[in-house]
>>> print(open('structure38.txt').read())   # compact mmCIF, C-alpha atoms
# COMPACT_ATOMS: atom_id res chain seq x y z
CA MET W 246 -12.02 -138.14 -55.88
CA ARG W 247 -14.83 -136.75 -58.06
CA ALA W 248 -15.90 -140.30 -59.03
CA LEU W 249 -15.78 -141.31 -55.37
CA ARG W 250 -17.98 -138.39 -54.31
CA LEU W 251 -20.51 -139.26 -57.01
CA SER W 252 -20.58 -142.87 -55.83
CA CYS W 253 -21.32 -141.67 -52.28
CA VAL W 254 -24.19 -139.49 -53.51
CA THR W 255 -25.61 -142.41 -55.48
CA PHE W 256 -25.44 -144.60 -52.41
CA LEU W 257 -27.32 -142.04 -50.29
CA LEU W 258 -30.01 -141.64 -52.93
CA LEU W 259 -30.47 -145.39 -53.02
CA ILE W 260 -31.00 -145.48 -49.28
CA ALA W 261 -33.57 -142.71 -49.55
CA GLY W 262 -35.35 -144.47 -52.39
CA VAL W 263 -35.02 -141.39 -54.61
CA VAL W 264 -35.45 -141.98 -58.34
CA GLN W 265 -33.34 -139.60 -60.40
CA SER W 266 -31.56 -139.66 -63.74
CA GLY W 267 -28.11 -141.15 -63.42
CA THR W 268 -28.65 -142.98 -60.13
CA ALA W 269 -29.84 -146.47 -59.32
CA ALA W 270 -33.45 -146.28 -60.32
CA SER W 271 -35.26 -148.66 -58.01
CA SER W 272 -34.90 -150.01 -54.51
CA GLY W 273 -34.24 -153.46 -55.96
CA ALA W 274 -31.41 -152.30 -58.20
CA VAL W 275 -27.77 -153.30 -57.74
CA PRO W 276 -26.46 -150.76 -55.17
CA SER W 277 -23.33 -148.63 -55.38
CA THR W 278 -20.38 -148.86 -53.05
CA SER W 279 -19.06 -145.78 -51.28
CA LYS W 280 -15.45 -146.98 -51.42
CA ALA W 281 -13.83 -148.85 -54.31
CA GLU W 282 -11.51 -150.77 -52.01
CA GLU W 283 -14.52 -152.47 -50.38
CA VAL W 284 -14.86 -154.59 -53.52
CA GLY W 285 -11.21 -154.94 -54.41
CA PHE W 286 -10.73 -151.94 -56.71
CA SER W 287 -8.27 -149.07 -56.47
CA SER W 288 -9.79 -145.61 -56.11
CA GLU W 289 -6.60 -144.22 -57.61
CA ARG W 290 -6.71 -146.46 -60.68
CA LEU W 291 -10.43 -146.42 -61.49
CA PRO W 292 -10.27 -142.95 -63.17
CA ARG W 293 -8.24 -144.57 -65.94
CA ILE W 294 -11.57 -145.89 -67.25
CA HIS W 295 -12.64 -142.27 -67.74
CA ASP W 296 -9.33 -141.47 -69.41
CA ALA W 297 -9.60 -144.40 -71.84
CA VAL W 298 -13.06 -143.33 -72.98
CA ALA W 299 -12.03 -139.66 -73.16
CA ARG W 300 -9.18 -140.49 -75.54
CA HIS W 301 -11.56 -142.15 -78.00
CA ILE W 302 -14.07 -139.30 -77.77
CA GLU W 303 -11.30 -136.77 -78.41
CA ALA W 304 -10.13 -138.82 -81.41
CA LYS W 305 -13.73 -138.76 -82.69
CA ASP W 306 -13.96 -142.54 -82.69
CA VAL W 307 -17.24 -142.26 -80.80
CA SER W 308 -19.53 -139.42 -79.73
CA GLY W 309 -19.85 -140.65 -76.16
CA ALA W 310 -20.31 -143.66 -73.93
CA VAL W 311 -21.71 -144.92 -70.65
CA THR W 312 -19.47 -147.25 -68.65
CA LEU W 313 -20.45 -149.31 -65.63
CA VAL W 314 -18.56 -151.81 -63.48
CA ALA W 315 -20.02 -153.84 -60.61
CA ARG W 316 -18.22 -156.39 -58.44
CA ARG W 317 -19.49 -158.58 -55.62
CA GLY W 318 -22.97 -157.19 -56.18
CA ARG W 319 -22.08 -153.48 -55.88
CA ILE W 320 -21.48 -150.77 -58.47
CA VAL W 321 -17.94 -149.40 -58.25
CA HIS W 322 -17.91 -147.26 -61.41
CA PHE W 323 -20.77 -145.63 -63.34
CA GLU W 324 -20.14 -142.72 -65.68
CA ALA W 325 -21.52 -141.00 -68.77
CA GLN W 326 -19.11 -139.13 -71.07
CA GLY W 327 -19.37 -137.20 -74.30
CA LEU W 328 -22.51 -136.51 -76.31
CA MET W 329 -25.54 -138.58 -77.19
CA ASP W 330 -26.41 -136.10 -79.99
CA ILE W 331 -23.61 -134.08 -81.58
CA ASP W 332 -25.75 -131.61 -83.56
CA ALA W 333 -27.90 -130.80 -80.54
CA LYS W 334 -24.85 -130.82 -78.23
CA LYS W 335 -26.87 -133.09 -75.96
CA PRO W 336 -24.72 -134.68 -73.26
CA MET W 337 -24.65 -138.42 -72.74
CA VAL W 338 -26.40 -139.26 -69.45
CA LYS W 339 -26.32 -142.35 -67.30
CA ASP W 340 -29.86 -143.32 -68.28
CA SER W 341 -29.31 -142.83 -72.01
CA ILE W 342 -31.08 -145.58 -73.97
CA PHE W 343 -29.10 -147.65 -76.45
CA ARG W 344 -30.06 -150.00 -79.27
CA LEU W 345 -28.68 -153.30 -77.99
CA ALA W 346 -28.52 -155.01 -81.39
CA SER W 347 -27.11 -158.50 -80.77
CA MET W 348 -26.71 -157.88 -77.05
CA SER W 349 -30.41 -158.84 -77.16
CA LYS W 350 -29.41 -162.46 -77.77
CA PRO W 351 -28.31 -163.42 -74.21
CA ILE W 352 -31.72 -162.22 -72.99
CA THR W 353 -33.40 -164.50 -75.53
CA ALA W 354 -31.22 -167.40 -74.39
CA VAL W 355 -32.32 -166.87 -70.79
CA ALA W 356 -35.98 -166.81 -71.86
CA VAL W 357 -35.50 -170.15 -73.59
CA MET W 358 -33.66 -171.64 -70.62
CA MET W 359 -36.44 -170.58 -68.25
CA LEU W 360 -38.81 -172.73 -70.32
CA VAL W 361 -36.24 -175.53 -70.46
CA GLU W 362 -36.25 -175.53 -66.67
CA GLU W 363 -40.05 -175.77 -66.69
CA GLY W 364 -39.81 -178.87 -68.89
CA LYS W 365 -41.63 -177.18 -71.77
CA ILE W 366 -38.61 -177.13 -74.10
CA ARG W 367 -35.65 -179.49 -74.47
CA LEU W 368 -32.41 -178.38 -76.07
CA THR W 369 -32.63 -181.48 -78.29
CA ASP W 370 -36.14 -180.62 -79.49
CA ARG W 371 -36.48 -180.30 -83.24
CA VAL W 372 -37.65 -176.85 -84.30
CA SER W 373 -40.34 -178.58 -86.37
CA ALA W 374 -41.94 -179.84 -83.15
CA PHE W 375 -43.07 -176.23 -82.65
CA ILE W 376 -43.04 -174.88 -86.22
CA PRO W 377 -43.88 -177.77 -88.62
CA GLU W 378 -42.68 -175.88 -91.69
CA PHE W 379 -39.07 -176.51 -90.59
CA LYS W 380 -39.35 -180.29 -90.90
CA THR W 381 -37.96 -180.86 -94.41
CA MET W 382 -35.35 -178.17 -94.92
CA LYS W 383 -32.70 -178.26 -97.63
CA VAL W 384 -29.00 -177.39 -97.49
CA ALA W 385 -27.23 -175.32 -100.14
CA VAL W 386 -24.00 -176.95 -101.40
CA ALA W 387 -21.54 -175.88 -104.06
CA ARG W 388 -22.64 -177.13 -107.48
CA GLY W 389 -21.60 -180.75 -107.98
CA THR W 390 -20.26 -181.19 -104.42
CA ASN W 391 -21.46 -181.71 -100.87
CA ALA W 392 -19.42 -178.77 -99.57
CA PRO W 393 -20.84 -175.49 -98.25
CA VAL W 394 -20.97 -172.68 -100.79
CA GLN W 395 -18.03 -170.28 -100.50
CA MET W 396 -19.54 -166.82 -100.66
CA PRO W 397 -17.59 -164.00 -102.36
CA ALA W 398 -16.34 -161.15 -100.19
CA PHE W 399 -18.32 -157.92 -100.09
CA GLY W 400 -16.86 -155.31 -102.41
CA ARG W 401 -16.44 -151.63 -101.67
CA GLY W 402 -18.78 -149.10 -103.23
CA GLY W 403 -21.25 -151.57 -104.67
CA PRO W 404 -23.43 -154.62 -104.05
CA PRO W 405 -21.83 -157.99 -103.30
CA ALA W 406 -21.07 -160.31 -106.16
CA PRO W 407 -23.80 -162.88 -106.88
CA ALA W 408 -23.56 -166.20 -105.07
CA PRO W 409 -21.93 -169.07 -106.98
CA ASP W 410 -24.14 -171.77 -108.45
CA PHE W 411 -25.41 -174.21 -105.86
CA ASP W 412 -27.46 -177.36 -105.48
CA LEU W 413 -29.97 -178.20 -102.77
CA VAL W 414 -29.67 -181.44 -100.82
CA PRO W 415 -31.75 -182.75 -97.93
CA ALA W 416 -30.59 -181.83 -94.43
CA ALA W 417 -28.92 -184.81 -92.75
CA ARG W 418 -31.00 -184.06 -89.69
CA GLU W 419 -33.46 -181.43 -88.52
CA ILE W 420 -32.24 -178.29 -86.76
CA THR W 421 -32.74 -178.20 -83.00
CA VAL W 422 -33.18 -175.61 -80.29
CA ARG W 423 -29.54 -176.16 -79.29
CA ASP W 424 -28.41 -175.53 -82.88
CA LEU W 425 -30.11 -172.14 -82.86
CA LEU W 426 -28.71 -171.17 -79.45
CA THR W 427 -25.17 -172.09 -80.50
CA HIS W 428 -25.23 -170.71 -84.09
CA THR W 429 -24.66 -174.16 -85.54
CA SER W 430 -27.97 -174.47 -87.40
CA GLY W 431 -26.95 -173.03 -90.77
CA LEU W 432 -30.07 -170.85 -90.83
CA MET W 433 -29.30 -167.40 -92.23
CA SER W 434 -25.62 -167.78 -91.39
CA GLY W 435 -23.96 -165.53 -93.95
CA GLY W 436 -24.18 -167.87 -96.92
CA VAL W 437 -26.66 -168.56 -99.68
CA SER W 438 -29.62 -168.42 -97.30
CA GLY W 439 -29.37 -164.63 -96.95
CA ALA W 440 -29.69 -164.02 -100.68
CA GLU W 441 -32.43 -166.62 -100.97
CA GLN W 442 -34.35 -165.13 -98.05
CA ALA W 443 -34.54 -161.81 -99.87
CA LYS W 444 -36.21 -163.60 -102.80
CA LEU W 445 -38.24 -166.32 -101.10
CA ALA W 446 -39.16 -164.81 -97.73
CA PRO W 447 -38.78 -161.02 -97.73
CA ARG W 448 -39.97 -159.41 -94.52
CA SER W 449 -42.34 -156.45 -94.54
CA ALA W 450 -42.87 -153.74 -91.94
CA ASN W 451 -46.23 -155.31 -91.00
CA ASP W 452 -44.90 -158.79 -90.31
CA THR W 453 -45.04 -160.42 -86.88
CA LEU W 454 -43.20 -163.42 -85.50
CA PRO W 455 -46.27 -165.69 -85.91
CA ASN W 456 -46.83 -164.90 -89.58
CA TYR W 457 -43.21 -164.46 -90.68
CA ILE W 458 -41.08 -167.10 -88.98
CA PRO W 459 -42.70 -170.09 -90.79
CA LYS W 460 -41.72 -168.46 -94.10
CA LEU W 461 -38.04 -168.78 -93.20
CA ALA W 462 -38.33 -172.53 -93.68
CA GLN W 463 -38.36 -171.84 -97.44
CA THR W 464 -34.74 -170.67 -97.31
CA PRO W 465 -31.91 -173.20 -97.61
CA LEU W 466 -29.52 -173.85 -94.76
CA ASP W 467 -25.93 -172.75 -95.31
CA PHE W 468 -24.45 -176.04 -94.08
CA GLN W 469 -25.48 -179.32 -92.52
CA PRO W 470 -26.75 -178.68 -88.97
CA GLY W 471 -24.15 -179.05 -86.24
CA THR W 472 -21.12 -179.19 -88.55
CA LEU W 473 -19.94 -175.55 -88.42
CA TRP W 474 -20.19 -172.41 -86.28
CA ARG W 475 -21.46 -169.52 -88.39
CA TYR W 476 -23.20 -166.51 -86.88
CA SER W 477 -26.94 -166.27 -87.49
CA GLY W 478 -27.16 -162.56 -86.88
CA LEU W 479 -30.75 -161.70 -87.64
CA TYR W 480 -33.07 -164.67 -87.70
CA GLY W 481 -31.90 -167.71 -85.73
CA PHE W 482 -32.85 -166.12 -82.41
CA ASP W 483 -36.09 -164.78 -83.88
CA VAL W 484 -37.08 -168.42 -84.44
CA LEU W 485 -36.32 -169.04 -80.76
CA ALA W 486 -38.55 -166.12 -79.80
CA ARG W 487 -41.39 -167.65 -81.81
CA ILE W 488 -40.87 -170.94 -79.98
CA VAL W 489 -41.10 -169.05 -76.67
CA GLU W 490 -44.40 -167.54 -77.85
CA ILE W 491 -45.83 -170.93 -78.85
CA VAL W 492 -44.79 -172.67 -75.63
CA SER W 493 -45.74 -169.87 -73.23
CA GLY W 494 -48.90 -168.68 -75.00
CA GLN W 495 -47.69 -165.08 -74.73
CA PRO W 496 -46.37 -162.56 -77.26
CA TYR W 497 -42.61 -162.48 -76.92
CA ASP W 498 -42.46 -158.90 -75.64
CA GLN W 499 -44.98 -159.69 -72.93
CA PHE W 500 -43.13 -162.83 -71.87
CA LEU W 501 -39.94 -160.84 -71.39
CA LYS W 502 -41.76 -158.06 -69.57
CA GLN W 503 -43.51 -160.41 -67.15
CA HIS W 504 -40.73 -162.91 -66.50
CA LEU W 505 -37.60 -160.76 -66.72
CA PHE W 506 -37.86 -157.02 -67.19
CA GLU W 507 -40.45 -156.09 -64.54
CA PRO W 508 -39.16 -158.48 -61.83
CA LEU W 509 -35.57 -157.33 -62.45
CA GLY W 510 -36.54 -153.65 -62.43
CA MET W 511 -35.48 -153.13 -66.06
CA LYS W 512 -37.88 -150.22 -66.54
CA ASP W 513 -36.29 -148.82 -69.72
CA THR W 514 -35.84 -152.09 -71.62
CA GLY W 515 -38.10 -153.16 -74.47
CA PHE W 516 -38.69 -153.25 -78.21
CA ALA W 517 -40.54 -150.00 -78.89
CA PRO W 518 -39.78 -147.11 -76.53
CA THR W 519 -42.40 -144.50 -75.71
CA PRO W 520 -41.94 -140.96 -77.10
CA GLU W 521 -40.60 -139.89 -73.69
CA ARG W 522 -37.98 -142.62 -73.77
CA MET W 523 -37.09 -141.88 -77.40
CA ALA W 524 -35.82 -138.51 -76.19
CA ARG W 525 -33.15 -140.45 -74.26
CA VAL W 526 -32.11 -142.69 -77.17
CA ALA W 527 -28.51 -142.04 -78.22
CA THR W 528 -27.83 -141.32 -81.88
CA ILE W 529 -25.91 -143.95 -83.83
CA TYR W 530 -22.84 -142.50 -85.55
CA GLN W 531 -20.48 -143.87 -88.14
CA ARG W 532 -16.96 -142.71 -88.87
CA THR W 533 -16.53 -140.96 -92.24
CA PRO W 534 -13.81 -138.82 -93.87
CA ASN W 535 -15.88 -135.85 -92.67
CA GLY W 536 -15.99 -137.04 -89.08
CA LEU W 537 -18.82 -138.75 -87.19
CA GLN W 538 -22.10 -138.73 -89.13
CA PRO W 539 -25.51 -140.14 -88.14
CA ALA W 540 -25.89 -143.69 -89.44
CA PRO W 541 -28.69 -144.43 -91.92
CA ASN W 542 -31.49 -146.86 -91.02
CA ALA W 543 -30.67 -146.53 -87.33
CA ASN W 544 -34.05 -147.84 -86.22
CA GLN W 545 -34.45 -150.67 -88.72
CA LEU W 546 -34.69 -153.32 -86.00
CA ILE W 547 -37.00 -151.33 -83.73
CA SER W 548 -40.63 -152.41 -84.01
CA GLY W 549 -43.74 -152.61 -81.89
CA THR W 550 -45.06 -155.58 -83.89
CA TYR W 551 -42.06 -157.69 -84.97
CA PHE W 552 -40.11 -158.50 -81.82
CA SER W 553 -36.58 -159.14 -83.08
CA ALA W 554 -35.07 -161.32 -80.40
CA SER W 555 -31.86 -161.26 -82.41
CA GLY W 556 -31.31 -157.52 -82.17
CA GLY W 557 -34.38 -155.38 -81.53
CA LEU W 558 -34.16 -154.59 -77.82
CA MET W 559 -33.26 -151.19 -76.37
CA SER W 560 -31.95 -150.66 -72.85
CA THR W 561 -29.76 -148.64 -70.50
CA ALA W 562 -26.49 -149.64 -68.88
CA GLU W 563 -28.09 -149.86 -65.47
CA ASP W 564 -31.02 -151.94 -66.73
CA TYR W 565 -28.70 -154.40 -68.42
CA LEU W 566 -26.66 -154.64 -65.22
CA GLN W 567 -29.67 -156.13 -63.41
CA PHE W 568 -29.89 -158.91 -66.01
CA ALA W 569 -26.13 -159.52 -66.06
CA GLN W 570 -25.81 -159.47 -62.27
CA MET W 571 -28.56 -162.06 -62.04
CA LEU W 572 -26.50 -164.41 -64.21
CA VAL W 573 -23.25 -163.73 -62.34
CA ASN W 574 -25.15 -164.51 -59.12
CA GLY W 575 -25.99 -167.94 -60.53
CA GLY W 576 -29.53 -167.08 -61.64
CA GLN W 577 -30.92 -164.95 -58.80
CA LEU W 578 -31.12 -161.28 -57.84
CA ASN W 579 -32.59 -159.58 -54.80
CA GLY W 580 -34.01 -162.79 -53.40
CA LYS W 581 -35.83 -163.85 -56.58
CA ARG W 582 -34.56 -166.80 -58.61
CA TYR W 583 -34.84 -166.76 -62.40
CA LEU W 584 -32.61 -169.75 -63.29
CA GLY W 585 -30.97 -172.49 -61.29
CA PRO W 586 -27.16 -172.35 -60.87
CA LYS W 587 -26.72 -175.53 -62.89
CA THR W 588 -28.69 -174.01 -65.75
CA VAL W 589 -26.47 -170.92 -65.76
CA GLU W 590 -23.43 -173.20 -65.68
CA LEU W 591 -24.79 -175.14 -68.66
CA MET W 592 -25.59 -171.95 -70.53
CA THR W 593 -22.09 -170.55 -70.04
CA SER W 594 -20.14 -173.74 -70.83
CA ASN W 595 -18.55 -174.40 -74.22
CA HIS W 596 -20.91 -176.35 -76.48
CA THR W 597 -19.05 -175.98 -79.78
CA GLY W 598 -15.53 -177.29 -79.27
CA GLU W 599 -13.04 -175.33 -81.39
CA MET W 600 -15.59 -174.28 -84.01
CA VAL W 601 -16.04 -170.64 -82.92
CA ASN W 602 -12.32 -169.78 -82.96
CA GLY W 603 -11.50 -167.37 -85.77
CA GLN W 604 -15.14 -166.91 -86.78
CA PHE W 605 -16.99 -163.60 -87.00
CA GLY W 606 -14.13 -161.59 -85.58
CA ARG W 607 -13.47 -164.00 -82.71
CA PRO W 608 -9.84 -164.58 -81.69
CA ALA W 609 -8.15 -167.47 -83.46
CA HIS W 610 -7.63 -169.34 -80.21
CA GLY W 611 -8.98 -169.57 -76.68
CA MET W 612 -12.70 -169.14 -77.34
CA GLY W 613 -15.80 -171.27 -76.97
CA PHE W 614 -19.52 -170.71 -77.39
CA GLY W 615 -22.31 -171.56 -74.99
CA LEU W 616 -26.06 -171.06 -75.25
CA GLY W 617 -26.40 -167.52 -76.58
CA VAL W 618 -23.05 -166.31 -75.21
CA GLN W 619 -19.41 -166.59 -76.15
CA VAL W 620 -17.09 -167.99 -73.47
CA VAL W 621 -13.44 -167.04 -72.98
CA LEU W 622 -11.68 -170.33 -72.26
CA ASP W 623 -8.08 -169.09 -72.39
CA PRO W 624 -7.62 -165.30 -72.12
CA VAL W 625 -3.91 -165.51 -72.95
CA ALA W 626 -4.54 -167.40 -76.18
CA ALA W 627 -7.43 -165.05 -77.01
CA ASP W 628 -5.42 -161.91 -76.07
CA LEU W 629 -8.23 -160.58 -73.89
CA ARG W 630 -7.94 -158.84 -70.50
CA VAL W 631 -10.64 -160.89 -68.78
CA SER W 632 -10.78 -163.97 -66.55
CA PRO W 633 -11.14 -167.54 -67.79
CA GLY W 634 -14.85 -168.33 -67.99
CA THR W 635 -15.94 -164.76 -68.75
CA TYR W 636 -18.98 -164.78 -71.01
CA GLY W 637 -21.25 -162.38 -72.87
CA TRP W 638 -21.99 -161.02 -76.31
CA ALA W 639 -21.65 -157.63 -77.98
CA GLY W 640 -23.94 -155.58 -80.22
CA ALA W 641 -23.17 -154.23 -83.69
CA TYR W 642 -23.70 -150.63 -82.58
CA GLY W 643 -21.01 -150.70 -79.91
CA THR W 644 -22.72 -152.11 -76.83
CA ASN W 645 -20.75 -154.77 -74.96
CA GLN W 646 -20.76 -156.52 -71.62
CA ASN W 647 -18.56 -159.04 -69.85
CA MET W 648 -19.92 -161.28 -67.12
CA ASP W 649 -17.08 -162.70 -65.02
CA PRO W 650 -18.19 -165.38 -62.56
CA LYS W 651 -14.66 -165.89 -61.22
CA GLU W 652 -14.40 -162.27 -60.05
CA LYS W 653 -18.16 -161.87 -59.45
CA MET W 654 -17.98 -158.89 -61.80
CA VAL W 655 -20.03 -157.27 -64.56
CA SER W 656 -18.53 -154.65 -66.86
CA ILE W 657 -20.67 -152.81 -69.41
CA ILE W 658 -19.87 -150.23 -72.06
CA MET W 659 -22.66 -148.62 -74.07
CA MET W 660 -22.05 -146.52 -77.17
CA GLN W 661 -23.77 -146.08 -80.51
CA GLY W 662 -20.99 -146.46 -83.02
CA ALA W 663 -18.92 -149.62 -83.07
CA SER W 664 -15.41 -149.22 -81.67
CA GLY W 665 -13.64 -152.48 -80.94
CA PRO W 666 -10.46 -150.66 -79.81
CA LEU W 667 -12.44 -148.73 -77.18
CA GLN W 668 -14.02 -151.96 -75.95
CA ARG W 669 -10.55 -153.50 -75.55
CA ASP W 670 -9.20 -150.35 -73.84
CA PHE W 671 -12.18 -150.41 -71.48
CA GLU W 672 -11.49 -154.04 -70.59
CA ASN W 673 -7.84 -153.18 -69.92
CA ALA W 674 -8.78 -150.19 -67.75
CA VAL W 675 -11.17 -152.32 -65.69
CA SER W 676 -8.60 -155.08 -65.27
CA GLN W 677 -5.79 -152.80 -64.11
CA ALA W 678 -8.03 -151.11 -61.53
CA MET W 679 -8.78 -154.43 -59.78
CA VAL W 680 -6.19 -154.90 -57.01
CA GLU W 681 -7.49 -157.92 -55.14
>>> encode(input="structure38.txt", output="structure tokens")
Amino acid sequence: MRALRLSCVTFLLLIAGVVQSGTAASSGAVPSTSKAEEVGFSSERLPRIHDAVARHIEAKDVSGAVTLVARRGRIVHFEAQGLMDIDAKKPMVKDSIFRLASMSKPITAVAVMMLVEEGKIRLTDRVSAFIPEFKTMKVAVARGTNAPVQMPAFGRGGPPAPAPDFDLVPAAREITVRDLLTHTSGLMSGGVSGAEQAKLAPRSANDTLPNYIPKLAQTPLDFQPGTLWRYSGLYGFDVLARIVEIVSGQPYDQFLKQHLFEPLGMKDTGFAPTPERMARVATIYQRTPNGLQPAPNANQLISGTYFSASGGLMSTAEDYLQFAQMLVNGGQLNGKRYLGPKTVELMTSNHTGEMVNGQFGRPAHGMGFGLGVQVVLDPVAADLRVSPGTYGWAGAYGTNQNMDPKEKMVSIIMMQGASGPLQRDFENAVSQAMVE
């Protein structure tokens, strides 16, 4: 009943146009519903979302979280629990700001697809058409073979073992925009290229996308383009951001602000928050034998000069809902169209066959990968409590969202301390509360 009363208050504030912490922040935002049953949820079962999060907070898996569920264009659950700062005993609030990490990538994919729709980029375009330095890249292969280098596992308590000896061979073809969007380029994909980048193209605090991205062409690819799925966590999508800058003539942060964030009402989303917004940024914690401790280098991806499209954005749960709801709606929100339905369909279709299964923590079966998002093809095979066709991508610090076109639903959990079990428990709690 308490959650239901809060939803009613939120709805009334929306009607009045009042802007307050913890409520829908703008008249164009996705509205709340006053009764869960109006959108096919059970008022009796929805509190189990709260209970699932509370169990993980009590177990000290996480300090706190914000959870949000919207279906058929209306918010049915929105709650903040726990603490955003343990030492200060500062409660988590609905408009807490979170480092998105790799949950930045779907936003980058949409930016690229907007320019694809304008005819300024093709998915088949070679990266060198925009950044000439990428024209003659090499591929690292195990010494005396044509096979990708098998990297040693990271050890505990020390640096990783050095990479095995390798040779460089010419790339069979150039990498393309599609390769970058689908993580099939081999650029900075967990192999030799990472170690070589540290030597050949180290990045400084003063670097920008224009001056740094061409340097990445000095690093070898980890495999022949298009032959494997391997996650390019930090730099593949930064190359895409540079392409957006070149094609649009705008700095990447300004392109996002003008074409996505301001029109969608994402007022707290960006790369470098103001001092006022920093006061709402949740602390990142890591689990240790002594309990939750602040993580080192928490702001390493946050910059006002180097716009890391791979992982540098910060946002709130409600802001990200506007973006996600736009995609679930087939590319439009509040009467404004951002992408065509066919483009969203293309973006959220499987482009990689079976290659993503079992990679980077993905289930061994039932998964595909689209343009910047994973796609659940078979939830039973993947052991996930979501619908077939659900898509999205998570962030390393615990942020996660699922966009479910079949159920017209968006579910978001924001925390700053990775907890895969909590994400799965959240998905289960959302699923069991849906009764039609």
>>> closest_residue(input="structure38.txt", among="W:Gln668, W:Gln495, W:Ser434, W:Thr353", to="Leu616 in chain W", atoms="all atoms listed in the file")
W:Thr353
>>> closest_residue(input="structure38.txt", among="W:Ser347, W:Glu282, W:Gln567, W:Ala299", to="Gly510 in chain W", atoms="only C-alpha atoms")
W:Gln567
>>> residues_near_point(input="structure38.txt", point="(-23.9, -137.9, -78.3)", cutoff="9 Å", atoms="all atoms listed in the file", output="PyMOL selection string")
chain W and resi 307-310+326-337+527-530+660-661
>>> atom_distance(input="structure38.txt", atom1="CA of Phe671 in chain W", atom2="CA of Phe568 in chain W")
20.4 Å
>>> atom_distance(input="structure38.txt", atom1="CA of Gly576 in chain W", atom2="CA of Gly613 in chain W")
21.0 Å
>>> residues_around(input="structure38.txt", residues="Val437 in chain W", least_positions_apart="2", cutoff="7 Å", atoms="all atoms listed in the file", output="list of chain:residue names")
W:Ala385, W:Ala408, W:Gly439, W:Ala440, W:Glu441, W:Asp467
>>> decode(input="structure38.txt", residues="range 316-328 of chain W", atoms="N, CA and C atoms", output="PDB file, in the first residue's frame")
ATOM      1  N   ARG W 316       5.699  -0.001 -17.753  1.00  0.00           N
ATOM      2  CA  ARG W 316       5.061  -0.855 -18.751  1.00  0.00           C
ATOM      3  C   ARG W 316       3.956  -0.075 -19.453  1.00  0.00           C
ATOM      4  N   ARG W 317       3.866  -0.298 -20.749  1.00  0.00           N
ATOM      5  CA  ARG W 317       2.856   0.384 -21.574  1.00  0.00           C
ATOM      6  C   ARG W 317       2.934   1.899 -21.400  1.00  0.00           C
ATOM      7  N   GLY W 318       4.166   2.391 -21.247  1.00  0.00           N
ATOM      8  CA  GLY W 318       4.394   3.826 -21.190  1.00  0.00           C
ATOM      9  C   GLY W 318       4.098   4.473 -19.864  1.00  0.00           C
ATOM     10  N   ARG W 319       3.973   3.690 -18.764  1.00  0.00           N
ATOM     11  CA  ARG W 319       3.685   4.267 -17.456  1.00  0.00           C
ATOM     12  C   ARG W 319       4.546   3.589 -16.397  1.00  0.00           C
ATOM     13  N   ILE W 320       5.049   4.391 -15.466  1.00  0.00           N
ATOM     14  CA  ILE W 320       5.857   3.870 -14.372  1.00  0.00           C
ATOM     15  C   ILE W 320       4.956   3.160 -13.371  1.00  0.00           C
ATOM     16  N   VAL W 321       5.307   1.924 -13.029  1.00  0.00           N
ATOM     17  CA  VAL W 321       4.519   1.146 -12.076  1.00  0.00           C
ATOM     18  C   VAL W 321       5.274   0.935 -10.769  1.00  0.00           C
ATOM     19  N   HIS W 322       6.602   1.070 -10.815  1.00  0.00           N
ATOM     20  CA  HIS W 322       7.429   0.921  -9.608  1.00  0.00           C
ATOM     21  C   HIS W 322       8.628   1.845  -9.735  1.00  0.00           C
ATOM     22  N   PHE W 323       8.916   2.590  -8.653  1.00  0.00           N
ATOM     23  CA  PHE W 323      10.071   3.501  -8.646  1.00  0.00           C
ATOM     24  C   PHE W 323      10.451   3.688  -7.190  1.00  0.00           C
ATOM     25  N   GLU W 324      11.622   3.176  -6.800  1.00  0.00           N
ATOM     26  CA  GLU W 324      11.987   3.196  -5.389  1.00  0.00           C
ATOM     27  C   GLU W 324      13.484   3.312  -5.203  1.00  0.00           C
ATOM     28  N   ALA W 325      13.883   4.061  -4.192  1.00  0.00           N
ATOM     29  CA  ALA W 325      15.276   4.143  -3.751  1.00  0.00           C
ATOM     30  C   ALA W 325      15.394   3.457  -2.396  1.00  0.00           C
ATOM     31  N   GLN W 326      16.450   2.641  -2.220  1.00  0.00           N
ATOM     32  CA  GLN W 326      16.651   1.903  -0.972  1.00  0.00           C
ATOM     33  C   GLN W 326      18.128   1.978  -0.568  1.00  0.00           C
ATOM     34  N   GLY W 327      18.365   1.909   0.725  1.00  0.00           N
ATOM     35  CA  GLY W 327      19.728   1.856   1.220  1.00  0.00           C
ATOM     36  C   GLY W 327      20.423   3.203   1.220  1.00  0.00           C
ATOM     37  N   LEU W 328      21.747   3.167   1.111  1.00  0.00           N
ATOM     38  CA  LEU W 328      22.571   4.363   1.225  1.00  0.00           C
ATOM     39  C   LEU W 328      23.360   4.606  -0.046  1.00  0.00           C
TER      40      LEU W 328
END
